[in-house]
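Colleague: This is structure_30.cif (mmCIF, C-alpha atoms).
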data_structure
#
loop_
_atom_site.group_PDB
_atom_site.id
_atom_site.type_symbol
_atom_site.label_atom_id
_atom_site.label_comp_id
_atom_site.auth_asym_id
_atom_site.auth_seq_id
_atom_site.Cartn_x
_atom_site.Cartn_y
_atom_site.Cartn_z
ATOM 1 C CA ALA A 1234 11.991 1.434 15.611
ATOM 2 C CA PHE A 1235 10.253 -1.431 13.863
ATOM 3 C CA GLU A 1236 9.661 -4.602 15.864
ATOM 4 C CA LEU A 1237 9.053 -8.195 14.875
ATOM 5 C CA PRO A 1238 5.270 -8.698 14.981
ATOM 6 C CA LYS A 1239 3.905 -11.578 17.026
ATOM 7 C CA LEU A 1240 2.817 -14.742 15.258
ATOM 8 C CA PRO A 1241 -0.902 -15.559 15.424
ATOM 9 C CA CYS A 1242 -0.128 -19.010 16.879
ATOM 10 C CA ALA A 1243 2.599 -21.041 18.580
ATOM 11 C CA LEU A 1244 5.652 -22.032 16.545
ATOM 12 C CA ASP A 1245 4.532 -25.656 16.427
ATOM 13 C CA ALA A 1246 0.815 -25.011 15.797
ATOM 14 C CA LEU A 1247 0.907 -25.161 11.985
ATOM 15 C CA ALA A 1248 2.580 -28.575 11.735
ATOM 16 C CA PRO A 1249 2.661 -30.636 9.635
ATOM 17 C CA VAL A 1250 2.043 -27.977 6.954
ATOM 18 C CA ILE A 1251 4.779 -25.712 8.354
ATOM 19 C CA ASP A 1252 6.784 -27.231 11.177
ATOM 20 C CA LYS A 1253 8.359 -25.574 14.201
ATOM 21 C CA GLN A 1254 11.894 -25.615 12.791
ATOM 22 C CA THR A 1255 10.800 -23.879 9.587
ATOM 23 C CA LEU A 1256 9.042 -21.147 11.585
ATOM 24 C CA GLU A 1257 12.048 -20.777 13.883
ATOM 25 C CA PHE A 1258 14.156 -19.978 10.814
ATOM 26 C CA HIS A 1259 11.583 -18.227 8.620
ATOM 27 C CA TYR A 1260 10.038 -16.053 11.331
ATOM 28 C CA GLY A 1261 12.770 -16.003 13.960
ATOM 29 C CA LYS A 1262 15.745 -15.494 11.658
ATOM 30 C CA HIS A 1263 14.647 -14.222 8.221
ATOM 31 C CA HIS A 1264 11.742 -12.000 9.298
ATOM 32 C CA GLN A 1265 13.774 -10.704 12.242
ATOM 33 C CA ALA A 1266 16.702 -9.913 9.936
ATOM 34 C CA TYR A 1267 14.484 -7.692 7.754
ATOM 35 C CA VAL A 1268 13.363 -5.793 10.873
ATOM 36 C CA THR A 1269 16.933 -5.399 12.133
ATOM 37 C CA ASN A 1270 18.222 -4.339 8.711
ATOM 38 C CA LEU A 1271 15.472 -1.776 8.117
ATOM 39 C CA ASN A 1272 16.014 -0.189 11.527
ATOM 40 C CA LYS A 1273 19.688 0.322 10.610
ATOM 41 C CA LEU A 1274 19.066 1.448 7.016
ATOM 42 C CA VAL A 1275 16.529 4.211 7.723
ATOM 43 C CA VAL A 1276 18.689 6.082 10.222
ATOM 44 C CA GLY A 1277 19.474 9.520 8.829
ATOM 45 C CA THR A 1278 17.256 9.102 5.747
ATOM 46 C CA GLN A 1279 13.945 10.663 4.782
ATOM 47 C CA PHE A 1280 12.340 7.393 5.924
ATOM 48 C CA GLU A 1281 13.484 7.580 9.533
ATOM 49 C CA GLY A 1282 10.298 7.597 11.613
ATOM 50 C CA ALA A 1283 8.073 6.874 8.588
ATOM 51 C CA ALA A 1284 5.336 4.243 8.569
ATOM 52 C CA LEU A 1285 6.111 0.945 6.879
ATOM 53 C CA GLU A 1286 3.619 1.469 4.031
ATOM 54 C CA GLU A 1287 5.016 4.950 3.384
ATOM 55 C CA ILE A 1288 8.513 3.488 3.102
ATOM 56 C CA ILE A 1289 7.337 0.779 0.691
ATOM 57 C CA LYS A 1290 5.595 3.309 -1.549
ATOM 58 C CA GLY A 1291 8.523 5.735 -1.620
ATOM 59 C CA ALA A 1292 11.764 3.798 -1.225
ATOM 60 C CA ASP A 1293 13.875 1.620 -3.432
ATOM 61 C CA GLY A 1294 16.974 -0.523 -3.030
ATOM 62 C CA GLY A 1295 17.787 -1.995 0.365
ATOM 63 C CA ILE A 1296 15.337 0.176 2.274
ATOM 64 C CA PHE A 1297 12.464 -0.919 0.031
ATOM 65 C CA ASN A 1298 13.532 -4.580 0.078
ATOM 66 C CA ASN A 1299 13.641 -4.823 3.860
ATOM 67 C CA ALA A 1300 10.463 -2.776 4.432
ATOM 68 C CA ALA A 1301 8.528 -4.788 1.862
ATOM 69 C CA GLN A 1302 9.772 -8.068 3.277
ATOM 70 C CA ILE A 1303 8.606 -7.043 6.766
ATOM 71 C CA TYR A 1304 5.181 -6.169 5.351
ATOM 72 C CA ASN A 1305 4.957 -9.262 3.132
ATOM 73 C CA HIS A 1306 5.987 -11.686 5.871
ATOM 74 C CA THR A 1307 3.699 -10.128 8.466
ATOM 75 C CA PHE A 1308 0.799 -10.297 6.010
ATOM 76 C CA TYR A 1309 1.633 -13.936 5.179
ATOM 77 C CA PHE A 1310 1.957 -15.132 8.777
ATOM 78 C CA GLU A 1311 -1.213 -13.323 9.888
ATOM 79 C CA SER A 1312 -3.168 -15.354 7.299
ATOM 80 C CA PHE A 1313 -2.681 -18.659 9.105
ATOM 81 C CA LYS A 1314 -4.357 -20.655 11.830
ATOM 82 C CA PRO A 1315 -4.096 -24.272 12.942
ATOM 83 C CA ASN A 1316 -6.699 -26.459 11.232
ATOM 84 C CA GLY A 1317 -7.605 -23.668 8.845
ATOM 85 C CA GLY A 1318 -8.557 -24.019 5.241
ATOM 86 C CA GLY A 1319 -11.939 -24.214 3.633
ATOM 87 C CA GLN A 1320 -13.259 -21.353 1.547
ATOM 88 C CA PRO A 1321 -14.167 -17.722 2.113
ATOM 89 C CA THR A 1322 -17.778 -16.646 2.451
ATOM 90 C CA GLY A 1323 -19.554 -13.362 1.903
ATOM 91 C CA PRO A 1324 -18.298 -10.556 -0.348
ATOM 92 C CA LEU A 1325 -14.852 -12.087 -0.957
ATOM 93 C CA ALA A 1326 -16.389 -15.400 -2.026
ATOM 94 C CA ASP A 1327 -18.707 -13.543 -4.398
ATOM 95 C CA ALA A 1328 -15.836 -11.475 -5.830
ATOM 96 C CA ILE A 1329 -13.726 -14.607 -6.370
ATOM 97 C CA ALA A 1330 -16.616 -16.313 -8.173
ATOM 98 C CA ASP A 1331 -17.133 -13.208 -10.342
ATOM 99 C CA ALA A 1332 -13.440 -12.863 -11.203
ATOM 100 C CA PHE A 1333 -12.423 -16.495 -11.622
ATOM 101 C CA GLY A 1334 -15.654 -18.450 -12.144
ATOM 102 C CA SER A 1335 -15.379 -20.479 -8.933
ATOM 103 C CA PHE A 1336 -13.251 -20.866 -5.840
ATOM 104 C CA ASP A 1337 -11.684 -24.025 -7.289
ATOM 105 C CA ALA A 1338 -10.726 -22.172 -10.476
ATOM 106 C CA PHE A 1339 -9.231 -19.352 -8.386
ATOM 107 C CA LYS A 1340 -7.310 -21.829 -6.217
ATOM 108 C CA GLU A 1341 -5.904 -23.522 -9.309
ATOM 109 C CA GLU A 1342 -4.849 -20.222 -10.918
ATOM 110 C CA PHE A 1343 -3.332 -18.855 -7.699
ATOM 111 C CA SER A 1344 -1.454 -22.116 -7.068
ATOM 112 C CA LYS A 1345 -0.120 -22.060 -10.629
ATOM 113 C CA ALA A 1346 1.101 -18.470 -10.158
ATOM 114 C CA ALA A 1347 2.899 -19.502 -6.957
ATOM 115 C CA ALA A 1348 4.392 -22.634 -8.530
ATOM 116 C CA THR A 1349 5.581 -20.974 -11.737
ATOM 117 C CA LEU A 1350 7.138 -17.828 -10.300
ATOM 118 C CA PHE A 1351 10.755 -18.076 -11.403
ATOM 119 C CA GLY A 1352 13.152 -17.814 -8.493
ATOM 120 C CA SER A 1353 12.023 -16.279 -5.226
ATOM 121 C CA GLY A 1354 9.055 -14.064 -4.513
ATOM 122 C CA TRP A 1355 5.354 -13.954 -3.811
ATOM 123 C CA ALA A 1356 2.024 -14.872 -5.362
ATOM 124 C CA TRP A 1357 -0.693 -12.363 -4.423
ATOM 125 C CA LEU A 1358 -4.442 -12.037 -4.679
ATOM 126 C CA VAL A 1359 -5.121 -8.306 -4.822
ATOM 127 C CA LYS A 1360 -7.889 -5.852 -5.474
ATOM 128 C CA ASN A 1361 -6.491 -3.619 -8.205
ATOM 129 C CA LYS A 1362 -7.035 0.132 -8.619
ATOM 130 C CA ASP A 1363 -10.267 -0.608 -10.515
ATOM 131 C CA GLY A 1364 -11.612 -2.658 -7.595
ATOM 132 C CA LYS A 1365 -11.240 -5.960 -9.473
ATOM 133 C CA LEU A 1366 -9.544 -9.063 -8.101
ATOM 134 C CA GLU A 1367 -6.406 -10.230 -9.847
ATOM 135 C CA ILE A 1368 -3.507 -12.571 -9.197
ATOM 136 C CA ARG A 1369 -0.021 -11.104 -9.346
ATOM 137 C CA GLN A 1370 3.414 -12.673 -9.313
ATOM 138 C CA GLU A 1371 5.924 -10.460 -7.534
ATOM 139 C CA PRO A 1372 9.602 -11.438 -7.659
ATOM 140 C CA ASN A 1373 11.931 -10.926 -4.708
ATOM 141 C CA ALA A 1374 10.434 -8.375 -2.266
ATOM 142 C CA GLY A 1375 7.672 -7.277 -4.645
ATOM 143 C CA CYS A 1376 4.773 -5.755 -2.752
ATOM 144 C CA PRO A 1377 1.464 -4.789 -4.398
ATOM 145 C CA ILE A 1378 0.868 -1.732 -2.221
ATOM 146 C CA LYS A 1379 3.715 -0.080 -4.130
ATOM 147 C CA TYR A 1380 1.399 -0.152 -7.168
ATOM 148 C CA GLY A 1381 -1.774 0.990 -5.427
ATOM 149 C CA CYS A 1382 -3.294 -2.469 -5.054
ATOM 150 C CA THR A 1383 -5.033 -3.783 -1.926
ATOM 151 C CA PRO A 1384 -3.500 -7.115 -0.845
ATOM 152 C CA ILE A 1385 -5.917 -9.893 0.100
ATOM 153 C CA LEU A 1386 -3.801 -13.085 0.209
ATOM 154 C CA THR A 1387 -0.182 -14.018 -0.397
ATOM 155 C CA CYS A 1388 1.934 -17.148 -0.676
ATOM 156 C CA ASP A 1389 5.643 -16.850 0.041
ATOM 157 C CA VAL A 1390 7.630 -18.870 -2.480
ATOM 158 C CA TRP A 1391 11.094 -17.972 -1.274
ATOM 159 C CA GLU A 1392 12.803 -21.293 -0.568
ATOM 160 C CA HIS A 1393 13.214 -20.463 3.129
ATOM 161 C CA ALA A 1394 9.398 -20.634 3.433
ATOM 162 C CA TYR A 1395 9.238 -24.325 2.589
ATOM 163 C CA TYR A 1396 12.625 -25.964 2.021
ATOM 164 C CA LEU A 1397 13.047 -27.605 5.424
ATOM 165 C CA ASP A 1398 9.607 -29.219 5.148
ATOM 166 C CA TYR A 1399 9.319 -29.851 1.404
ATOM 167 C CA GLN A 1400 12.860 -29.547 -0.019
ATOM 168 C CA ASN A 1401 12.482 -28.786 -3.744
ATOM 169 C CA ARG A 1402 8.781 -29.751 -3.861
ATOM 170 C CA ARG A 1403 7.274 -26.271 -4.087
ATOM 171 C CA PRO A 1404 3.958 -27.600 -5.502
ATOM 172 C CA ASP A 1405 3.506 -29.826 -2.414
ATOM 173 C CA TYR A 1406 4.029 -26.813 -0.139
ATOM 174 C CA ILE A 1407 1.517 -24.778 -2.136
ATOM 175 C CA LYS A 1408 -1.050 -27.592 -1.969
ATOM 176 C CA SER A 1409 -0.677 -27.738 1.840
ATOM 177 C CA PHE A 1410 -0.689 -23.927 2.211
ATOM 178 C CA TRP A 1411 -4.472 -23.924 1.617
ATOM 179 C CA ASP A 1412 -4.976 -26.098 4.739
ATOM 180 C CA ILE A 1413 -3.832 -23.420 7.203
ATOM 181 C CA LEU A 1414 -5.495 -20.317 5.777
ATOM 182 C CA ASN A 1415 -7.609 -18.267 8.170
ATOM 183 C CA TRP A 1416 -10.447 -16.885 6.044
ATOM 184 C CA ASP A 1417 -11.755 -14.975 9.093
ATOM 185 C CA VAL A 1418 -8.639 -12.791 8.780
ATOM 186 C CA ILE A 1419 -8.303 -12.861 4.992
ATOM 187 C CA SER A 1420 -11.905 -12.077 3.977
ATOM 188 C CA PRO A 1421 -12.149 -8.671 5.718
ATOM 189 C CA ARG A 1422 -9.105 -7.496 3.735
ATOM 190 C CA TYR A 1423 -11.363 -7.383 0.688
#
Do you think you could lay out the structure here as structure tokens?

Modeller:
Amino acid sequence: AFELPKLPCALDALAPVIDKQTLEFHYGKHHQAYVTNLNKLVVGTQFEGAALEEIIKGADGGIFNNAAQIYNHTFYFESFKPNGGGQPTGPLADAIADAFGSFDAFKEEFSKAAATLFGSGWAWLVKNKDGKLEIRQEPNAGCPIKYGCTPILTCDVWEHAYYLDYQNRRPDYIKSFWDILNWDVISPRY
């Protein structure tokens, strides 16, 4: 059975960017619901006992949605630390500069992708099948591993990720999101 992964910090450690109440709902209710739902949905299917990534690559409908949301949320939460932020160094920094011209240009393009995604979903920085960095908008439970991409960074733009803290001000949430990123976790994904 799938279990809710542990957060990398206390529920109140990311405030004021993401406060305790938001994490109680986002992690404790929404993320947990995807875990609970997937455990029920896979019983008696070809995906019972399968690894999460295998399910994402092979399933569709409710099984895909819940598996992808477990993966996406885990990936998102693992990217944070209190007093994070700054910029990556090393190979990821070089790849970002090559692909986007500069970190600031990348940050602007990624933030725009997150802000302009219609409805709910995810903005992703991925390494595509050709080994190049690209930014992808994925609606709903969209997950880049389904398309053979290697995820590097994601921003959750479902309203439950930010509404308690920012109401309808998605751009303000995205601006603050950069202040809690843990590049020590994100950079090795490249």

Colleague: Here's the selection I'm unsure about, the PyMOL selection byres ((chain A and resi 1249) around 12); applied to the file above, which residues does it give, as a ChimeraX atom specification?

Modeller: /A:1244-1248,1250-1256,1315-1316,1395,1397-1399,1406,1409-1410,1412-1413

Colleague: May I have the protein, DNA and RNA residues with an atom at most 8 Å from (-9.9, -13.7, -6.1), counting all atoms listed in the file in the file's coordinates, returned as a list in words?

Modeller: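 Within the cut-off we find Leu1325, Ala1326, Ala1328, Ile1329, Ala1330, Ala1332, Phe1333, Phe1336, Phe1339, Leu1358, Val1359, Leu1366, Glu1367 and Ile1368 of chain A.
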
Colleague: Identify, on the basis of all atoms listed in the file, every residue whose closest approach to Lys1360 (chain A) does not exceed 6 Å; exclude the query and any residue fewer than 3 positions from it along the same chain; express the result as a VMD selection string.

Modeller: chain A and resid 1364 to 1366 1382 to 1383

Colleague: Can you tell me, as a list in words, what residues are no more than 12 Å from Thr1307 (chain A) when counting only C-alpha atoms, ignoring any on the same chain fewer than 6 positions away?

Modeller: Glu1236, Leu1237, Pro1238, Lys1239, Leu1240, Pro1241, His1259, Tyr1260, His1263, His1264, Gln1265, Tyr1267, Val1268, Leu1285, Ala1300, Ala1301, Phe1313, Leu1386, Thr1387, Cys1388 and Asp1389 of chain A

Colleague: Of the candidates A:Gly1291, A:Asn1401, A:Ile1378, A:Ala1234, which one gets nearest to Phe1308 (chain A) if we count all atoms listed in the file?

Modeller: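 Closest residue, counting all atoms listed in the file: A:Ile1378.
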
Colleague: With a distance cut-off of 8 Å and all atoms listed in the file, select the neighbouring residues of Ala1347 (chain A), excluding the residue or stretch itself and same-chain residues fewer than 4 positions from it, and output the selection as a PyMOL selection string.

Modeller: chain A and resi 1343+1355-1356+1370+1388-1390+1407

Colleague: May I have the selected residues written with C-alpha atoms, as a compact mmCIF listing (two decimals), keeping the file's coordinate frame?

Modeller:
# COMPACT_ATOMS: atom_id res chain seq x y z
CA PHE A 1343 -3.33 -18.86 -7.70
CA TRP A 1355 5.35 -13.95 -3.81
CA ALA A 1356 2.02 -14.87 -5.36
CA GLN A 1370 3.41 -12.67 -9.31
CA CYS A 1388 1.93 -17.15 -0.68
CA ASP A 1389 5.64 -16.85 0.04
CA VAL A 1390 7.63 -18.87 -2.48
CA ILE A 1407 1.52 -24.78 -2.14

Colleague: Please measure the separation of CA of Asp1327 (chain A) and CA of Glu1342 (chain A), giving the value in Å to one decimal.

Modeller: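 Computing it gives 16.7 Å between the two atoms.
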
Colleague: Which of these, A:Pro1384, A:Gly1354, A:Pro1421, A:Gly1323, has the shortest distance to Glu1371 (chain A) once you count only C-alpha atoms?

Modeller: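 Distance minimum relative to Glu1371 (chain A) lands on A:Gly1354.
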